[in-house]
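Dropping data_4.csv in here (CSV, C-alpha atoms):
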chain,number,residue,atom,x,y,z
A,1,MET,CA,-15.7,14.6,-26.1
A,2,PRO,CA,-15.3,13.2,-22.6
A,3,GLU,CA,-18.4,13.1,-20.5
A,4,GLU,CA,-17.6,14.5,-17.0
A,5,LEU,CA,-18.6,12.4,-14.0
A,6,PRO,CA,-19.8,14.2,-10.8
A,7,GLU,CA,-16.9,15.6,-8.8
A,8,TYR,CA,-16.5,14.4,-5.2
A,9,ARG,CA,-14.7,16.1,-2.3
A,10,VAL,CA,-14.0,14.3,0.9
A,11,LYS,CA,-11.7,14.7,3.9
A,12,ALA,CA,-9.5,11.6,4.1
A,13,ARG,CA,-9.6,9.5,7.2
A,14,ASN,CA,-6.9,7.1,8.3
A,15,ALA,CA,-7.3,3.7,9.8
A,16,PRO,CA,-6.7,3.4,13.6
A,17,ALA,CA,-3.0,3.5,14.4
A,18,THR,CA,-3.6,0.6,16.8
A,19,GLY,CA,-4.3,-1.8,13.9
A,20,GLU,CA,-1.9,-4.4,12.7
A,21,ASN,CA,-0.7,-2.5,9.7
A,22,LYS,CA,1.9,-0.1,11.2
A,23,MET,CA,2.0,1.9,7.9
A,24,HIS,CA,-1.1,3.7,9.4
A,25,ASP,CA,1.0,4.9,12.3
A,26,ASP,CA,2.8,8.3,11.9
A,27,ALA,CA,6.0,7.3,13.5
A,28,VAL,CA,6.5,4.1,11.6
A,29,ALA,CA,5.5,5.6,8.2
A,30,ARG,CA,8.0,8.4,8.7
A,31,GLN,CA,10.8,5.8,9.4
A,32,TYR,CA,10.1,4.4,6.0
A,33,GLY,CA,10.4,7.9,4.4
A,34,PHE,CA,6.7,8.8,4.1
A,35,PRO,CA,5.5,12.3,5.3
A,36,GLY,CA,3.0,10.6,7.7
A,37,ALA,CA,0.7,7.7,8.2
A,38,LEU,CA,-0.8,6.4,5.0
A,39,VAL,CA,-4.6,6.4,4.5
A,40,PRO,CA,-5.4,2.8,3.5
A,41,GLY,CA,-5.7,2.1,-0.2
A,42,VAL,CA,-9.2,0.5,0.4
A,43,ILE,CA,-10.5,3.8,1.7
A,44,LEU,CA,-8.9,5.7,-1.2
A,45,TYR,CA,-10.6,3.2,-3.6
A,46,ALA,CA,-13.9,3.9,-1.9
A,47,TYR,CA,-13.5,7.6,-2.6
A,48,LEU,CA,-12.7,6.8,-6.3
A,49,THR,CA,-15.8,4.7,-6.7
A,50,HIS,CA,-18.1,7.6,-5.7
A,51,PRO,CA,-18.2,9.4,-9.1
A,52,LEU,CA,-18.5,6.0,-10.8
A,53,VAL,CA,-21.5,5.0,-8.9
A,54,ALA,CA,-23.0,8.5,-9.0
A,55,GLY,CA,-22.6,8.6,-12.8
A,56,LEU,CA,-22.9,4.9,-13.8
A,57,GLY,CA,-25.1,3.5,-11.1
A,58,GLU,CA,-26.1,-0.2,-10.8
A,59,ALA,CA,-24.6,-1.0,-14.2
A,60,TRP,CA,-21.1,-0.5,-12.9
A,61,LEU,CA,-21.9,-2.1,-9.5
A,62,THR,CA,-23.1,-5.3,-11.1
A,63,ARG,CA,-20.9,-5.9,-14.2
A,64,GLY,CA,-18.3,-3.1,-14.2
A,65,THR,CA,-14.6,-3.4,-13.8
A,66,ALA,CA,-11.9,-1.2,-12.2
A,67,HIS,CA,-8.1,-1.1,-12.3
A,68,VAL,CA,-6.9,1.0,-9.3
A,69,ARG,CA,-3.3,2.1,-8.7
A,70,PHE,CA,-2.1,4.0,-5.7
A,71,LEU,CA,0.7,6.5,-6.7
A,72,LYS,CA,1.4,8.8,-3.7
A,73,PRO,CA,0.3,8.7,-0.1
A,74,VAL,CA,-2.7,10.5,1.2
A,75,LEU,CA,-2.5,11.7,4.8
A,76,ASP,CA,-5.2,11.9,7.5
A,77,GLY,CA,-7.3,15.0,7.3
A,78,GLU,CA,-6.3,16.0,3.7
A,79,GLU,CA,-9.1,17.1,1.4
A,80,VAL,CA,-9.3,14.7,-1.6
A,81,THR,CA,-10.9,15.8,-4.8
A,82,VAL,CA,-12.1,12.9,-7.0
A,83,ALA,CA,-12.8,13.9,-10.6
A,84,GLY,CA,-13.2,11.8,-13.7
A,85,ALA,CA,-15.0,11.3,-17.0
A,86,ILE,CA,-16.4,8.8,-19.4
A,87,THR,CA,-13.7,8.7,-22.1
A,88,ALA,CA,-15.3,6.4,-24.7
A,89,ARG,CA,-18.5,4.6,-25.6
A,90,ASP,CA,-19.0,2.0,-28.3
A,91,ALA,CA,-20.9,-1.3,-29.0
A,92,HIS,CA,-18.7,-3.1,-26.4
A,93,GLY,CA,-19.6,-0.7,-23.5
A,94,LEU,CA,-17.9,2.3,-22.0
A,95,THR,CA,-14.7,3.3,-20.4
A,96,ALA,CA,-14.0,5.9,-17.7
A,97,THR,CA,-11.1,7.3,-15.6
A,98,VAL,CA,-11.3,8.8,-12.2
A,99,ARG,CA,-8.4,10.4,-10.2
A,100,ALA,CA,-7.9,11.3,-6.6
A,101,ILE,CA,-6.0,14.6,-6.1
A,102,THR,CA,-4.7,16.5,-3.0
A,103,VAL,CA,-3.2,20.0,-2.9
A,104,ARG,CA,0.0,18.6,-1.2
A,105,ALA,CA,0.8,15.7,-3.5
A,106,GLY,CA,-1.3,16.2,-6.7
A,107,GLU,CA,-2.5,13.0,-8.3
A,108,CYS,CA,-2.4,10.2,-5.6
A,109,ALA,CA,-4.6,7.4,-7.1
A,110,VAL,CA,-6.2,6.6,-10.4
A,111,ALA,CA,-8.9,4.1,-11.4
A,112,GLU,CA,-9.6,3.0,-15.0
A,113,ALA,CA,-13.1,1.6,-15.2
A,114,THR,CA,-15.4,-0.1,-17.7
A,115,VAL,CA,-19.0,-1.1,-18.0
A,116,PRO,CA,-19.1,-3.9,-20.6
A,117,ALA,CA,-22.2,-4.1,-22.8
A,118,GLY,CA,-22.6,-7.9,-22.1
A,119,LEU,CA,-22.6,-10.0,-19.0
A,120,PRO,CA,-19.3,-10.7,-17.2
A,121,ALA,CA,-17.4,-13.9,-18.0
A,122,PRO,CA,-18.0,-16.3,-15.1
A,123,VAL,CA,-15.3,-17.8,-12.9
A,124,ASN,CA,-14.8,-21.5,-12.3
A,125,LEU,CA,-15.3,-21.8,-8.5
A,126,SER,CA,-13.7,-25.3,-8.5
A,127,LEU,CA,-10.3,-23.5,-9.0
A,128,TYR,CA,-10.9,-21.6,-5.7
A,129,PRO,CA,-11.5,-24.2,-3.0
A,130,VAL,CA,-12.5,-23.2,0.5
A,131,ALA,CA,-9.8,-23.8,3.2
A,132,PRO,CA,-9.6,-23.1,6.9
A,133,VAL,CA,-8.0,-19.9,8.2
A,134,PRO,CA,-4.9,-20.9,10.2
A,135,ALA,CA,-5.3,-20.9,14.0
A,136,GLU,CA,-1.8,-19.3,14.3
A,137,ARG,CA,-0.6,-17.2,11.5
A,138,PRO,CA,3.1,-17.5,10.5
A,139,PRO,CA,5.1,-14.4,9.9
A,140,VAL,CA,5.0,-13.3,6.3
A,141,SER,CA,7.8,-14.5,4.1
A,142,ARG,CA,8.4,-15.6,0.5
A,143,GLU,CA,8.7,-19.2,1.7
A,144,VAL,CA,5.3,-19.1,3.4
A,145,LEU,CA,3.6,-17.4,0.4
A,146,GLU,CA,5.1,-19.9,-2.0
A,147,ARG,CA,3.5,-22.8,-0.2
A,148,PRO,CA,1.1,-24.7,-2.6
A,149,GLY,CA,-2.7,-24.8,-2.0
A,150,PRO,CA,-5.4,-22.2,-1.4
A,151,LEU,CA,-5.3,-19.4,1.2
A,152,GLY,CA,-7.5,-19.8,4.2
A,153,THR,CA,-11.0,-18.5,3.5
A,154,PRO,CA,-12.3,-15.5,5.6
A,155,GLU,CA,-16.0,-14.9,5.9
A,156,ALA,CA,-18.0,-11.8,6.8
A,157,VAL,CA,-21.7,-11.1,7.2
A,158,TYR,CA,-22.4,-7.7,5.7
A,159,ASP,CA,-25.6,-7.0,7.7
A,160,GLU,CA,-27.1,-3.6,8.4
A,161,PRO,CA,-24.9,-2.7,11.4
A,162,ARG,CA,-21.8,-3.6,9.5
A,163,ALA,CA,-23.0,-1.7,6.4
A,164,ALA,CA,-23.6,1.4,8.6
A,165,ALA,CA,-20.2,1.1,10.2
A,166,TRP,CA,-18.4,0.6,6.9
A,167,LEU,CA,-20.2,3.6,5.2
A,168,GLU,CA,-19.3,5.8,8.1
A,169,ARG,CA,-15.7,4.7,8.0
A,170,ILE,CA,-15.4,5.6,4.2
A,171,SER,CA,-17.6,8.7,4.5
A,172,ASP,CA,-20.0,7.6,1.7
A,173,PRO,CA,-23.5,9.1,1.9
A,174,GLN,CA,-25.0,7.5,-1.2
A,175,ALA,CA,-28.5,6.0,-0.7
A,176,ILE,CA,-27.8,3.1,-3.0
A,177,TYR,CA,-25.8,1.4,-0.2
A,178,ARG,CA,-28.3,1.9,2.6
A,179,ASN,CA,-31.2,-0.1,4.1
A,180,ARG,CA,-32.0,-3.8,3.7
A,181,GLN,CA,-32.0,-3.7,-0.1
A,182,GLY,CA,-28.8,-1.6,-0.4
A,183,TRP,CA,-25.8,-2.8,-2.4
A,184,ILE,CA,-22.7,-3.9,-0.6
A,185,HIS,CA,-20.1,-1.2,-1.1
A,186,PRO,CA,-17.5,-2.2,-3.8
A,187,ALA,CA,-14.6,-1.1,-1.6
A,188,PHE,CA,-15.7,-3.8,0.9
A,189,PHE,CA,-14.6,-6.4,-1.7
A,190,LEU,CA,-11.1,-5.0,-1.5
A,191,ASP,CA,-11.2,-5.0,2.3
A,192,GLN,CA,-12.0,-8.7,2.1
A,193,ALA,CA,-9.1,-9.2,-0.3
A,194,ASN,CA,-6.9,-7.7,2.4
A,195,ARG,CA,-8.3,-10.2,4.8
A,196,SER,CA,-7.2,-13.0,2.5
A,197,LEU,CA,-3.7,-11.8,3.3
A,198,ASP,CA,-3.7,-10.8,6.9
A,199,ARG,CA,-5.9,-13.7,8.1
A,200,ASN,CA,-3.3,-16.1,6.7
A,201,VAL,CA,0.0,-14.4,7.6
A,202,ARG,CA,1.2,-11.9,10.2
A,203,LEU,CA,2.1,-8.7,8.4
A,204,ASP,CA,3.8,-5.7,10.0
A,205,ALA,CA,4.1,-2.5,7.8
A,206,TRP,CA,2.7,-3.2,4.4
A,207,ILE,CA,1.2,-1.3,1.5
A,208,HIS,CA,-1.8,-1.9,-0.8
A,209,ALA,CA,-0.3,-1.1,-4.2
A,210,ALA,CA,-3.0,-1.9,-6.8
A,211,SER,CA,-6.1,-4.0,-7.6
A,212,ARG,CA,-8.0,-5.2,-10.6
A,213,VAL,CA,-11.7,-5.8,-9.9
A,214,ARG,CA,-14.5,-7.4,-11.9
A,215,HIS,CA,-18.0,-7.2,-10.6
A,216,LEU,CA,-19.9,-10.4,-11.2
A,217,GLY,CA,-23.4,-9.4,-10.2
A,218,GLY,CA,-22.9,-7.6,-7.0
A,219,ALA,CA,-24.3,-8.4,-3.5
A,220,ARG,CA,-26.8,-7.0,-1.1
A,221,VAL,CA,-26.9,-6.0,2.5
A,222,GLY,CA,-27.5,-9.0,4.7
A,223,GLU,CA,-25.5,-11.5,2.6
A,224,ARG,CA,-22.5,-13.6,3.9
A,225,LEU,CA,-19.4,-13.1,1.9
A,226,VAL,CA,-16.8,-15.9,1.5
A,227,THR,CA,-13.4,-14.9,0.2
A,228,ARG,CA,-11.6,-17.7,-1.7
A,229,GLY,CA,-8.0,-16.9,-2.6
A,230,ARG,CA,-4.7,-18.1,-3.7
A,231,VAL,CA,-1.3,-16.6,-4.3
A,232,ARG,CA,-0.9,-15.7,-8.0
A,233,SER,CA,2.6,-14.2,-8.2
A,234,LEU,CA,5.5,-13.0,-6.1
A,235,TYR,CA,8.1,-10.6,-7.3
A,236,GLU,CA,10.6,-7.9,-6.2
A,237,ARG,CA,10.9,-4.3,-7.4
A,238,LYS,CA,13.4,-1.7,-6.0
A,239,ALA,CA,14.1,-4.0,-3.0
A,240,ARG,CA,10.4,-4.2,-2.2
A,241,GLN,CA,8.7,-7.6,-2.1
A,242,TYR,CA,5.3,-7.8,-3.8
A,243,VAL,CA,2.5,-10.4,-3.6
A,244,GLU,CA,-0.5,-10.7,-5.9
A,245,VAL,CA,-3.4,-12.7,-4.7
A,246,ASP,CA,-6.2,-14.0,-6.9
A,247,VAL,CA,-9.5,-13.7,-5.0
A,248,VAL,CA,-13.1,-14.7,-5.8
A,249,ILE,CA,-15.7,-13.4,-3.4
A,250,THR,CA,-18.9,-15.4,-3.2
A,251,ALA,CA,-22.4,-14.8,-1.6
A,252,GLY,CA,-24.1,-18.1,-1.3
A,253,ALA,CA,-23.5,-20.2,-4.4
A,254,ARG,CA,-22.7,-17.4,-6.7
A,255,ALA,CA,-19.5,-15.4,-7.3
A,256,VAL,CA,-20.0,-11.6,-6.9
A,257,ALA,CA,-16.5,-10.2,-7.4
A,258,HIS,CA,-13.1,-11.3,-8.8
A,259,VAL,CA,-10.1,-9.4,-7.6
A,260,LEU,CA,-6.4,-9.5,-8.4
A,261,HIS,CA,-4.9,-7.7,-5.4
A,262,THR,CA,-1.3,-6.5,-5.2
A,263,ALA,CA,0.5,-5.6,-1.9
A,264,ILE,CA,4.0,-4.7,-0.9
A,265,TYR,CA,4.5,-7.1,2.0
A,266,HIS,CA,8.1,-6.3,2.8
A,267,LEU,CA,9.9,-3.0,2.4
A,268,PRO,CA,13.6,-2.2,2.9
A,269,PRO,CA,14.5,-1.6,6.6
A,270,PRO,CA,13.7,1.9,7.9
A,271,ALA,CA,16.4,4.4,7.6
A,272,ASN,CA,16.2,5.2,11.3
A,273,PRO,CA,14.9,2.1,13.1
Let me see the file written as structure tokens.
Amino acid sequence: MPEELPEYRVKARNAPATGENKMHDDAVARQYGFPGALVPGVILYAYLTHPLVAGLGEAWLTRGTAHVRFLKPVLDGEEVTVAGAITARDAHGLTATVRAITVRAGECAVAEATVPAGLPAPVNLSLYPVAPVPAERPPVSREVLERPGPLGTPEAVYDEPRAAAWLERISDPQAIYRNRQGWIHPAFFLDQANRSLDRNVRLDAWIHAASRVRHLGGARVGERLVTRGRVRSLYERKARQYVEVDVVITAGARAVAHVLHTAIYHLPPPANP
């Protein structure tokens, strides 16, 4: 029998329309056929992690995995219900599924998670060299993304003020993330995966489509995160251009998260430009 995880309800909050990603602007999103501005995938992922952390705690934060997919848009102000359950337990660990649902659209996002019984397999950091972020970013294109070599390496200090601002943005009240010994919120790792894209190329209207995450020990408030990345694949589906970046996030000398991050970087032209 599935073991229910704690249900979570939250009012969705969009990113500022003044940001670079114009898919968070009502007018632009409607031109592309959406009902309104899209709440960022990183924020939806933060909502999905709430039952996982409430039910699985530090075990998931330090060695758990997640495969999140974004299925339908969530709009600013909509109430999101996140519900899930542990679906299996065995000698290898446990698996769980959580879903984000709105009244208007139904199921909008789903995350399949695991907590392995053993320690996570390490990554070889020599395959993820540090590189400078470009002083001037080129406009995104397949030709630019196909260039060999690593992506420029963004850095971020997740200190107490930044932690407070991030938790307010994603509306997460859990005590496990607060104060000097708090954990860095797992959705911030996906935010940094976004930075591995938009600190290297200029994007206009783009969509976070999916991510696969492995936690490699977790990180604490006060640590400096360095996001080492490279383009893993490029492909087209239904006239949409996709990029998958392979990112390892480090704190000091240790890797704390490994992310395969998929985004739609080019959509067909709007119907009514």
Find the residues around A:Pro134 up to 9 Å (only C-alpha atoms counted), leave out those fewer than 5 positions away in its own chain, and share them as a PyMOL selection string. chain A and resi 152+199-201
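Note that the spacing between atom CA of A:Gly217 and atom CA of A:Val243 amounts to 26.7 Å.
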In Å, how far is it from atom CA of A:Thr65 to atom CA of A:Arg254? 17.7 Å
Nearest to A:Ser196: which of A:Thr95, A:Asn179, A:Thr102, A:Thr153 is it, counting all atoms listed in the file?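 Distance minimum relative to A:Ser196 lands on A:Thr153.
When the distance limit is 8 Å and all atoms listed in the file are what count, the residues near stretch 80-89 of chain A, minus those fewer than 6 positions from it on the same chain, are Met1, Pro2, Glu3, Glu4, Leu5, Pro6, Glu7, Tyr8, Arg9, Val10, Lys11, Ala12, Tyr47, Leu48, Pro51, Thr95, Ala96, Thr97, Val98, Arg99, Ala100, Ile101 and Thr102 of chain A.
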What does the distance from atom CA of A:Glu107 to atom CA of A:Ala165 come to in Å, to one decimal?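 We find that atom CA of A:Glu107 and atom CA of A:Ala165 lie 28.2 Å from each other.
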Need the shell around stretch 26-36 of chain A: protein/DNA/RNA residues with any atom at most 9 Å away, counting only C-alpha atoms. Skip same-chain ones fewer than 3 positions apart. Format as a VMD selection string? chain A and resid 17 22 to 23 73 to 76 205 267 to 273
Hey, which of A:Trp183, A:Phe70, A:Tyr235, A:Phe189 ends up closest to A:Leu44? Count all atoms listed in the file.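 The closest residue to A:Leu44 is A:Phe70.
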Just the residues within 10 Å of A:His208, please, counting only C-alpha atoms, with nothing from its chain fewer than 2 positions along; format it as an NGL selection string. :A and (40-42 or 69-70 or 190 or 194 or 206 or 210-211 or 242-243 or 261-265)
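For the choices A:Ile207, A:Val53, A:Ala175, A:Ile184, the atom-to-atom distance to A:Leu71 is smallest for A:Ile207 when using all atoms listed in the file.
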Between A:His50, A:Arg240, A:Arg224, A:His92, which has the minimum distance to A:Pro186 (counting all atoms listed in the file)? A:His50
Which is closer to A:Glu155 than all the others in A:Pro16, A:Pro122, A:Gly252, A:Gly57, using only C-alpha atoms?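 Going through A:Pro16, A:Pro122, A:Gly252, A:Gly57 one by one, the smallest distance to A:Glu155 is for A:Gly252.
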With a distance cut-off of 8 Å and only C-alpha atoms, select the neighbouring residues of A:Leu234, excluding the residue or stretch itself and same-chain residues fewer than 2 positions from it, and output the selection as a list in words.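 Contacts, with the query itself left out: Arg142, Val231, Arg232, Glu236, Gln241, Tyr242, Val243 and Glu244 of chain A.
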Using the structure block above, produce a file of stretch 44-63 of chain A that contains N, CA and C atoms, as an mmCIF file, in the first residue's frame.
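Output contents, as saved in out00.cif:
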data_model
loop_
_atom_site.group_PDB
_atom_site.id
_atom_site.type_symbol
_atom_site.label_atom_id
_atom_site.label_comp_id
_atom_site.auth_asym_id
_atom_site.auth_seq_id
_atom_site.Cartn_x
_atom_site.Cartn_y
_atom_site.Cartn_z
ATOM 1 N N LEU A 44 7.866 25.915 -9.198
ATOM 2 C CA LEU A 44 6.993 24.738 -9.112
ATOM 3 C C LEU A 44 7.744 23.552 -8.505
ATOM 4 N N TYR A 45 9.015 23.415 -8.867
ATOM 5 C CA TYR A 45 9.806 22.336 -8.263
ATOM 6 C C TYR A 45 9.935 22.547 -6.752
ATOM 7 N N ALA A 46 10.111 23.794 -6.325
ATOM 8 C CA ALA A 46 10.171 24.062 -4.888
ATOM 9 C C ALA A 46 8.902 23.582 -4.194
ATOM 10 N N TYR A 47 7.749 23.825 -4.833
ATOM 11 C CA TYR A 47 6.498 23.352 -4.236
ATOM 12 C C TYR A 47 6.475 21.824 -4.161
ATOM 13 N N LEU A 48 6.957 21.170 -5.206
ATOM 14 C CA LEU A 48 6.949 19.703 -5.229
ATOM 15 C C LEU A 48 7.849 19.099 -4.156
ATOM 16 N N THR A 49 8.926 19.806 -3.800
ATOM 17 C CA THR A 49 9.844 19.253 -2.804
ATOM 18 C C THR A 49 9.277 19.310 -1.389
ATOM 19 N N HIS A 50 8.260 20.132 -1.171
ATOM 20 C CA HIS A 50 7.764 20.319 0.206
ATOM 21 C C HIS A 50 7.319 19.001 0.838
ATOM 22 N N PRO A 51 6.437 18.204 0.197
ATOM 23 C CA PRO A 51 6.057 16.923 0.824
ATOM 24 C C PRO A 51 7.230 15.957 0.943
ATOM 25 N N LEU A 52 8.183 16.005 -0.003
ATOM 26 C CA LEU A 52 9.335 15.101 0.075
ATOM 27 C C LEU A 52 10.177 15.393 1.308
ATOM 28 N N VAL A 53 10.421 16.667 1.564
ATOM 29 C CA VAL A 53 11.228 17.027 2.729
ATOM 30 C C VAL A 53 10.435 16.814 4.019
ATOM 31 N N ALA A 54 9.148 17.156 3.990
ATOM 32 C CA ALA A 54 8.324 16.946 5.181
ATOM 33 C C ALA A 54 8.238 15.471 5.546
ATOM 34 N N GLY A 55 8.210 14.593 4.540
ATOM 35 C CA GLY A 55 8.052 13.172 4.815
ATOM 36 C C GLY A 55 9.335 12.379 4.886
ATOM 37 N N LEU A 56 10.371 12.826 4.153
ATOM 38 C CA LEU A 56 11.606 12.043 4.049
ATOM 39 C C LEU A 56 12.800 12.723 4.699
ATOM 40 N N GLY A 57 12.715 14.026 4.930
ATOM 41 C CA GLY A 57 13.709 14.753 5.709
ATOM 42 C C GLY A 57 15.097 14.795 5.086
ATOM 43 N N GLU A 58 16.111 14.786 5.939
ATOM 44 C CA GLU A 58 17.492 14.958 5.507
ATOM 45 C C GLU A 58 17.972 13.807 4.624
ATOM 46 N N ALA A 59 17.364 12.649 4.745
ATOM 47 C CA ALA A 59 17.784 11.525 3.896
ATOM 48 C C ALA A 59 17.611 11.889 2.427
ATOM 49 N N TRP A 60 16.489 12.527 2.079
ATOM 50 C CA TRP A 60 16.285 12.921 0.681
ATOM 51 C C TRP A 60 17.165 14.111 0.315
ATOM 52 N N LEU A 61 17.327 15.072 1.225
ATOM 53 C CA LEU A 61 18.134 16.256 0.932
ATOM 54 C C LEU A 61 19.599 15.905 0.685
ATOM 55 N N THR A 62 20.103 14.859 1.313
ATOM 56 C CA THR A 62 21.531 14.566 1.222
ATOM 57 C C THR A 62 21.877 13.486 0.201
ATOM 58 N N ARG A 63 20.961 12.558 -0.080
ATOM 59 C CA ARG A 63 21.308 11.502 -1.041
ATOM 60 C C ARG A 63 20.150 11.134 -1.968
#
